[in-house]
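Raw contents of structure-v2.cif, mmCIF, C-alpha atoms:
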```
data_protein
loop_
_atom_site.label_atom_id
_atom_site.label_comp_id
_atom_site.auth_asym_id
_atom_site.auth_seq_id
_atom_site.Cartn_x
_atom_site.Cartn_y
_atom_site.Cartn_z
CA MET A 18 8.80 13.08 16.03
CA ALA A 19 6.21 12.31 13.38
CA VAL A 20 4.36 15.41 12.23
CA ASP A 21 3.39 14.96 8.61
CA SER A 22 0.09 13.18 7.99
CA LEU A 23 1.60 10.12 6.30
CA SER A 24 4.06 9.61 9.15
CA VAL A 25 1.20 9.86 11.67
CA LYS A 26 -0.69 7.20 9.70
CA PHE A 27 2.28 4.84 9.52
CA ALA A 28 2.91 5.30 13.25
CA ALA A 29 -0.75 4.51 14.00
CA LEU A 30 -0.50 1.33 11.91
CA ALA A 31 2.67 0.21 13.73
CA ASP A 32 0.67 -1.68 16.35
CA PRO A 33 -1.03 -5.09 15.95
CA THR A 34 -3.98 -4.19 18.21
CA ARG A 35 -4.72 -1.04 16.20
CA ARG A 36 -4.51 -3.02 12.96
CA ALA A 37 -6.89 -5.63 14.45
CA ILE A 38 -9.32 -2.83 15.41
CA LEU A 39 -9.19 -1.53 11.82
CA ALA A 40 -9.83 -5.04 10.46
CA ARG A 41 -12.89 -5.31 12.71
CA LEU A 42 -14.16 -1.87 11.64
CA ALA A 43 -13.76 -2.81 7.98
CA LEU A 44 -16.74 -5.14 8.58
CA GLY A 45 -18.95 -2.28 9.74
CA GLU A 46 -19.24 0.42 12.38
CA THR A 47 -18.90 -0.87 15.91
CA ALA A 48 -19.43 0.42 19.46
CA VAL A 49 -16.33 0.88 21.62
CA THR A 50 -17.57 -1.68 24.16
CA GLU A 51 -18.04 -4.25 21.38
CA LEU A 52 -14.55 -3.48 20.02
CA ALA A 53 -12.96 -4.09 23.43
CA GLU A 54 -14.41 -7.63 23.83
CA PRO A 55 -12.13 -9.76 21.60
CA PHE A 56 -8.98 -8.01 22.86
CA ALA A 57 -9.30 -8.86 26.57
CA MET A 58 -8.39 -5.24 27.13
CA SER A 59 -9.74 -2.59 29.43
CA LEU A 60 -12.03 0.02 27.90
CA PRO A 61 -9.53 2.84 28.62
CA ALA A 62 -6.77 0.84 26.84
CA VAL A 63 -8.98 0.40 23.77
CA SER A 64 -9.97 4.08 23.93
CA LYS A 65 -6.31 5.04 23.86
CA HIS A 66 -5.76 3.02 20.68
CA LEU A 67 -8.91 4.53 19.14
CA LYS A 68 -7.61 8.01 19.88
CA VAL A 69 -4.38 7.24 17.97
CA LEU A 70 -6.37 5.87 15.02
CA GLU A 71 -8.73 8.86 15.12
CA HIS A 72 -5.83 11.34 15.27
CA ALA A 73 -4.35 9.64 12.17
CA GLY A 74 -7.68 10.03 10.36
CA LEU A 75 -8.00 6.25 10.03
CA ILE A 76 -11.29 6.17 11.94
CA THR A 77 -14.04 8.57 12.97
CA ARG A 78 -16.23 8.26 16.05
CA GLY A 79 -19.93 9.03 16.32
CA ARG A 80 -21.02 11.65 18.82
CA GLU A 81 -24.07 9.78 20.16
CA ALA A 82 -23.92 9.97 23.98
CA GLN A 83 -24.75 6.34 24.80
CA TRP A 84 -23.32 4.59 21.78
CA ARG A 85 -20.19 6.00 20.16
CA PRO A 86 -19.85 3.95 17.00
CA CYS A 87 -16.42 3.85 15.37
CA ARG A 88 -16.17 3.94 11.63
CA ILE A 89 -13.18 3.16 9.40
CA GLU A 90 -12.05 5.95 7.07
CA PRO A 91 -10.65 4.10 4.08
CA GLY A 92 -9.51 7.35 2.42
CA ALA A 93 -6.68 7.54 4.95
CA LEU A 94 -5.46 4.08 3.91
CA LYS A 95 -5.76 5.09 0.26
CA ASP A 96 -2.99 7.64 1.02
CA VAL A 97 -0.75 4.79 2.16
CA ASP A 98 -1.70 2.88 -0.98
CA ASN A 99 -0.80 5.91 -3.12
CA TRP A 100 2.56 6.17 -1.38
CA LEU A 101 3.23 2.50 -2.17
CA GLU A 102 2.45 3.12 -5.86
CA TYR A 103 6.02 4.31 -6.52
CA TYR A 104 7.42 1.01 -5.22
CA ARG A 105 4.85 -1.25 -6.80
CA ARG A 106 6.91 -1.39 -10.00
CA PHE A 107 9.26 -3.71 -8.12
CA TRP A 108 6.63 -6.43 -8.07
CA THR A 109 4.33 -5.31 -10.91
CA GLY A 110 4.44 -2.66 -13.63
CA SER A 111 7.77 -2.21 -15.37
CA PHE A 112 9.11 -5.62 -14.40
CA ASP A 113 5.91 -7.26 -15.59
CA ARG A 114 5.96 -5.16 -18.73
CA LEU A 115 9.52 -6.27 -19.47
CA GLU A 116 8.55 -9.88 -18.86
CA GLY A 117 5.53 -9.46 -21.18
CA TYR A 118 7.70 -7.85 -23.83
CA LEU A 119 10.18 -10.73 -23.72
CA ARG A 120 7.30 -13.20 -23.98
CA GLU A 121 5.92 -11.27 -26.98
CA LEU A 122 9.37 -11.27 -28.56
CA LYS A 123 9.48 -15.04 -28.25
CA ALA A 124 6.00 -15.45 -29.73
CA LYS A 125 6.43 -13.01 -32.65
CA PRO A 126 9.62 -13.67 -34.63
CA GLU A 127 8.98 -10.57 -36.78
CA LEU A 128 9.59 -8.41 -33.69
CA GLN A 129 12.88 -10.22 -33.06
CA THR A 130 13.99 -9.45 -36.62
CA LYS A 131 13.22 -5.77 -36.09
CA GLU A 132 15.22 -5.80 -32.84
CA LYS A 133 18.13 -7.57 -34.48
CA ARG A 134 18.08 -5.02 -37.29
CA ARG A 135 18.14 -2.19 -34.72
CA GLY A 136 20.99 -3.93 -32.90
CA ARG A 137 22.98 -4.20 -36.10
CA LYS A 138 22.49 -0.50 -36.85
CA LYS A 139 23.78 0.44 -33.39
CA ARG A 140 26.86 -1.69 -33.79
CA LYS A 141 27.92 0.16 -36.97
CA MET B 21 6.30 -1.65 21.88
CA ALA B 22 6.34 -2.87 18.29
CA VAL B 23 7.66 -6.40 18.00
CA ASP B 24 5.95 -8.09 15.05
CA SER B 25 7.63 -7.60 11.68
CA LEU B 26 4.77 -5.61 10.11
CA SER B 27 4.69 -3.19 13.06
CA VAL B 28 8.46 -2.71 12.80
CA LYS B 29 8.03 -1.91 9.09
CA PHE B 30 5.24 0.59 9.69
CA ALA B 31 7.27 2.25 12.46
CA ALA B 32 10.27 2.53 10.13
CA LEU B 33 8.08 4.15 7.46
CA ALA B 34 6.69 6.69 9.97
CA ASP B 35 9.44 9.19 9.21
CA PRO B 36 9.73 11.46 6.15
CA THR B 37 13.55 11.23 5.99
CA ARG B 38 13.46 7.45 6.01
CA ARG B 39 10.81 7.47 3.27
CA ALA B 40 12.97 9.91 1.25
CA ILE B 41 15.96 7.57 1.65
CA LEU B 42 13.82 4.68 0.36
CA ALA B 43 12.68 6.77 -2.62
CA ARG B 44 16.33 7.48 -3.45
CA LEU B 45 17.29 3.82 -3.10
CA ALA B 46 14.45 2.82 -5.41
CA LEU B 47 16.54 4.45 -8.18
CA GLY B 48 19.51 2.18 -7.48
CA GLU B 49 22.00 1.22 -4.79
CA THR B 50 23.75 4.16 -3.20
CA ALA B 51 26.69 4.81 -0.88
CA VAL B 52 25.88 6.17 2.58
CA THR B 53 27.89 9.36 1.90
CA GLU B 54 25.90 9.96 -1.30
CA LEU B 55 22.64 9.37 0.58
CA ALA B 56 23.51 11.97 3.21
CA GLU B 57 24.09 14.81 0.70
CA PRO B 58 20.52 15.90 -0.19
CA PHE B 59 19.37 15.77 3.43
CA ALA B 60 21.81 18.30 4.89
CA MET B 61 22.28 15.77 7.64
CA SER B 62 25.32 14.45 9.46
CA LEU B 63 26.57 11.01 8.45
CA PRO B 64 25.80 9.56 11.92
CA ALA B 65 22.21 10.88 11.68
CA VAL B 66 21.75 9.20 8.28
CA SER B 67 23.37 6.03 9.62
CA LYS B 68 20.83 5.97 12.43
CA HIS B 69 17.95 6.12 9.94
CA LEU B 70 19.60 3.42 7.82
CA LYS B 71 19.85 1.18 10.88
CA VAL B 72 16.08 1.52 11.46
CA LEU B 73 15.36 0.72 7.79
CA GLU B 74 17.79 -2.22 7.87
CA HIS B 75 16.26 -3.59 11.09
CA ALA B 76 12.83 -3.43 9.41
CA GLY B 77 14.20 -5.39 6.44
CA LEU B 78 13.43 -2.48 4.11
CA ILE B 79 17.07 -2.13 3.03
CA THR B 80 20.26 -4.18 3.08
CA ARG B 81 23.80 -2.82 3.27
CA GLY B 82 26.83 -4.11 1.44
CA ARG B 83 29.80 -5.27 3.48
CA GLU B 84 32.48 -3.64 1.29
CA ALA B 85 34.90 -1.85 3.65
CA GLN B 86 35.24 1.45 1.78
CA TRP B 87 31.91 1.68 0.08
CA ARG B 88 28.89 0.31 1.90
CA PRO B 89 26.15 0.50 -0.73
CA CYS B 90 22.56 0.50 0.50
CA ARG B 91 19.98 -1.47 -1.42
CA ILE B 92 16.20 -1.32 -1.16
CA GLU B 93 14.46 -4.60 -0.34
CA PRO B 94 11.12 -4.27 -2.09
CA GLY B 95 9.89 -7.58 -0.67
CA ALA B 96 9.46 -5.86 2.70
CA LEU B 97 7.16 -3.26 1.12
CA LYS B 98 5.25 -6.02 -0.63
CA ASP B 99 4.24 -7.20 2.88
CA VAL B 100 2.73 -3.75 3.52
CA ASP B 101 1.00 -3.97 0.13
CA ASN B 102 -0.41 -7.39 1.04
CA TRP B 103 -1.70 -6.03 4.33
CA LEU B 104 -3.48 -3.23 2.43
CA GLU B 105 -5.14 -5.79 0.14
CA TYR B 106 -7.94 -6.39 2.67
CA TYR B 107 -8.83 -2.67 2.62
CA ARG B 108 -8.41 -2.14 -1.09
CA ARG B 109 -12.02 -3.20 -1.69
CA PHE B 110 -13.03 0.19 -0.27
CA TRP B 111 -11.61 1.98 -3.29
CA THR B 112 -11.49 -0.81 -5.90
CA GLY B 113 -13.01 -4.26 -6.27
CA SER B 114 -16.58 -4.57 -5.11
CA PHE B 115 -17.31 -0.82 -5.19
CA ASP B 116 -15.81 -0.46 -8.66
CA ARG B 117 -17.66 -3.53 -9.87
CA LEU B 118 -20.94 -2.07 -8.64
CA GLU B 119 -20.17 1.24 -10.35
CA GLY B 120 -19.27 -0.56 -13.59
CA TYR B 121 -22.45 -2.60 -13.41
CA LEU B 122 -24.59 0.53 -12.97
CA ARG B 123 -22.81 2.16 -15.91
CA GLU B 124 -23.43 -0.94 -18.02
CA LEU B 125 -27.07 -0.94 -17.00
CA LYS B 126 -27.38 2.64 -18.19
CA ALA B 127 -25.66 1.90 -21.52
CA LYS B 128 -27.52 -1.34 -22.32
CA PRO B 129 -31.29 -0.95 -21.95
CA GLU B 130 -31.75 -4.67 -22.70
CA LEU B 131 -30.03 -5.45 -19.40
CA GLN B 132 -32.41 -3.12 -17.62
CA THR B 133 -35.37 -4.99 -19.10
CA LYS B 134 -33.88 -8.26 -17.91
CA GLU B 135 -33.40 -6.82 -14.44
CA LYS B 136 -36.93 -5.49 -14.39
CA ARG B 137 -38.19 -8.91 -15.42
CA ARG B 138 -36.18 -10.53 -12.64
CA GLY B 139 -37.53 -7.99 -10.20
CA ARG B 140 -41.09 -8.77 -11.28
CA LYS B 141 -40.49 -12.51 -10.81
CA LYS B 142 -39.18 -11.90 -7.31
CA ARG B 143 -42.22 -9.87 -6.41
CA LYS B 144 -44.59 -12.75 -7.27
#
```
Turn the structure described in the file into structure tokens.
Amino acid sequence: MAVDSLSVKFAALADPTRRAILARLALGETAVTELAEPFAMSLPAVSKHLKVLEHAGLITRGREAQWRPCRIEPGALKDVDNWLEYYRRFWTGSFDRLEGYLRELKAKPELQTKEKRRGRKKRK
Amino acid sequence: MAVDSLSVKFAALADPTRRAILARLALGETAVTELAEPFAMSLPAVSKHLKVLEHAGLITRGREAQWRPCRIEPGALKDVDNWLEYYRRFWTGSFDRLEGYLRELKAKPELQTKEKRRGRKKRK
């Protein structure tokens, strides 16, 4: 069972309706009734999804009696983004840096000479 | 129940052991027995987690009879990264650009004058 905060967030995001709700809330705070409309879903069904998102810290809900606006909490998604940071080097970062270095090596022959010299030293 | 590929990925990531396995695999391909060691977990328990990660496309497993090395599939995490892109503007992009602009405005009084002039024109 998911207990740590990151696991709770990932579990909350593992549903297309909840992700669609988040996408809607990214445009601005919205009343629950308004959120329910595009989903052809009952209000209790939407409320259930909102509770999961709220528990994960991904949204907050206003306390106004008549109108309970939902608000996205981007900080919670920033945590997911931070977690991804470690893996980002697979598609950016070190791989890109290596690619850039090889490009630089091609463009600047004096660097190649230095590398060749280093290579020769190692081989001794 | 999660059926779309992104939901399956998020569900697979909603477990600290599975995320730890991914972190280990990011360092290089690893045998299942080697993966099990740091977790003080039975081999069948680790295998169960690997099956979830494999089903989500987050890892692949070699077919060598004796040694079934697990490999991370970073492309699957790139999908999560792409999904986050829409929300990234909350902590980068437009907000950062605004902050940078305000800093620039503070540092370059000539810009301020220009802005003031523009403001005056608008007021006419």
Show which residues sit within 9 Å of Tyr107 (chain B), as a short mmCIF file (atom, residue, chain, number, x, y, z; two decimals) with C-alpha atoms, in the frame of the given file. Count only C-alpha atoms, and ignore same-chain residues fewer than 4 positions away.
```cif
data_model
loop_
_atom_site.label_atom_id
_atom_site.label_comp_id
_atom_site.auth_asym_id
_atom_site.auth_seq_id
_atom_site.Cartn_x
_atom_site.Cartn_y
_atom_site.Cartn_z
CA ALA A 40 -9.83 -5.04 10.46
CA ALA A 43 -13.76 -2.81 7.98
CA PRO A 91 -10.65 4.10 4.08
CA LEU A 94 -5.46 4.08 3.91
CA LYS A 95 -5.76 5.09 0.26
CA TRP B 103 -1.70 -6.03 4.33
CA TRP B 111 -11.61 1.98 -3.29
#
```
(Q) the PyMOL selection byres ((chain A) within 9 of (chain B)) - which residues does that actually catch in the file I just gave you? List them as a PyMOL selection string. (A) chain A and resi 18-21+23-33+40+43+91-92+94-95+97-98+101+103-105+107-108
I'd like to see the residues matched by the PyMOL selection byres ((chain A and resi 52-64) around 12) on this file, and ideally I'd get them as a PDB file with C-alpha atoms, in the coordinates of the input.
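Wrote out-v2.pdb, looks like this:
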```
ATOM      1  CA  PRO A  33      -1.030  -5.090  15.950  1.00  0.00           C
ATOM      2  CA  THR A  34      -3.980  -4.190  18.210  1.00  0.00           C
ATOM      3  CA  ARG A  35      -4.720  -1.040  16.200  1.00  0.00           C
ATOM      4  CA  ARG A  36      -4.510  -3.020  12.960  1.00  0.00           C
ATOM      5  CA  ALA A  37      -6.890  -5.630  14.450  1.00  0.00           C
ATOM      6  CA  ILE A  38      -9.320  -2.830  15.410  1.00  0.00           C
ATOM      7  CA  LEU A  39      -9.190  -1.530  11.820  1.00  0.00           C
ATOM      8  CA  ALA A  40      -9.830  -5.040  10.460  1.00  0.00           C
ATOM      9  CA  ARG A  41     -12.890  -5.310  12.710  1.00  0.00           C
ATOM     10  CA  LEU A  42     -14.160  -1.870  11.640  1.00  0.00           C
ATOM     11  CA  LEU A  44     -16.740  -5.140   8.580  1.00  0.00           C
ATOM     12  CA  GLY A  45     -18.950  -2.280   9.740  1.00  0.00           C
ATOM     13  CA  GLU A  46     -19.240   0.420  12.380  1.00  0.00           C
ATOM     14  CA  THR A  47     -18.900  -0.870  15.910  1.00  0.00           C
ATOM     15  CA  ALA A  48     -19.430   0.420  19.460  1.00  0.00           C
ATOM     16  CA  VAL A  49     -16.330   0.880  21.620  1.00  0.00           C
ATOM     17  CA  THR A  50     -17.570  -1.680  24.160  1.00  0.00           C
ATOM     18  CA  GLU A  51     -18.040  -4.250  21.380  1.00  0.00           C
ATOM     19  CA  LYS A  65      -6.310   5.040  23.860  1.00  0.00           C
ATOM     20  CA  HIS A  66      -5.760   3.020  20.680  1.00  0.00           C
ATOM     21  CA  LEU A  67      -8.910   4.530  19.140  1.00  0.00           C
ATOM     22  CA  LYS A  68      -7.610   8.010  19.880  1.00  0.00           C
ATOM     23  CA  VAL A  69      -4.380   7.240  17.970  1.00  0.00           C
ATOM     24  CA  LEU A  70      -6.370   5.870  15.020  1.00  0.00           C
ATOM     25  CA  GLU A  71      -8.730   8.860  15.120  1.00  0.00           C
ATOM     26  CA  ARG A  78     -16.230   8.260  16.050  1.00  0.00           C
ATOM     27  CA  ARG A  85     -20.190   6.000  20.160  1.00  0.00           C
ATOM     28  CA  PRO A  86     -19.850   3.950  17.000  1.00  0.00           C
ATOM     29  CA  CYS A  87     -16.420   3.850  15.370  1.00  0.00           C
ATOM     30  CA  ARG A  88     -16.170   3.940  11.630  1.00  0.00           C
TER      31      ARG A  88
END
```
Q: Go ahead and compute the interatomic distance for CA of Asp99 (chain B) and CA of Ala73 (chain A), in Å to one decimal.
A: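 Computing it gives 21.1 Å between the two atoms.
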Q) CA of Asn99 (chain A) and CA of Thr112 (chain B), how far apart in Å? A)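 Spanning CA of Thr112 (chain B) to CA of Asn99 (chain A) is a straight-line distance of 12.9 Å.
You will find CA of His75 (chain B) at 27.6 Å from CA of Gly74 (chain A).
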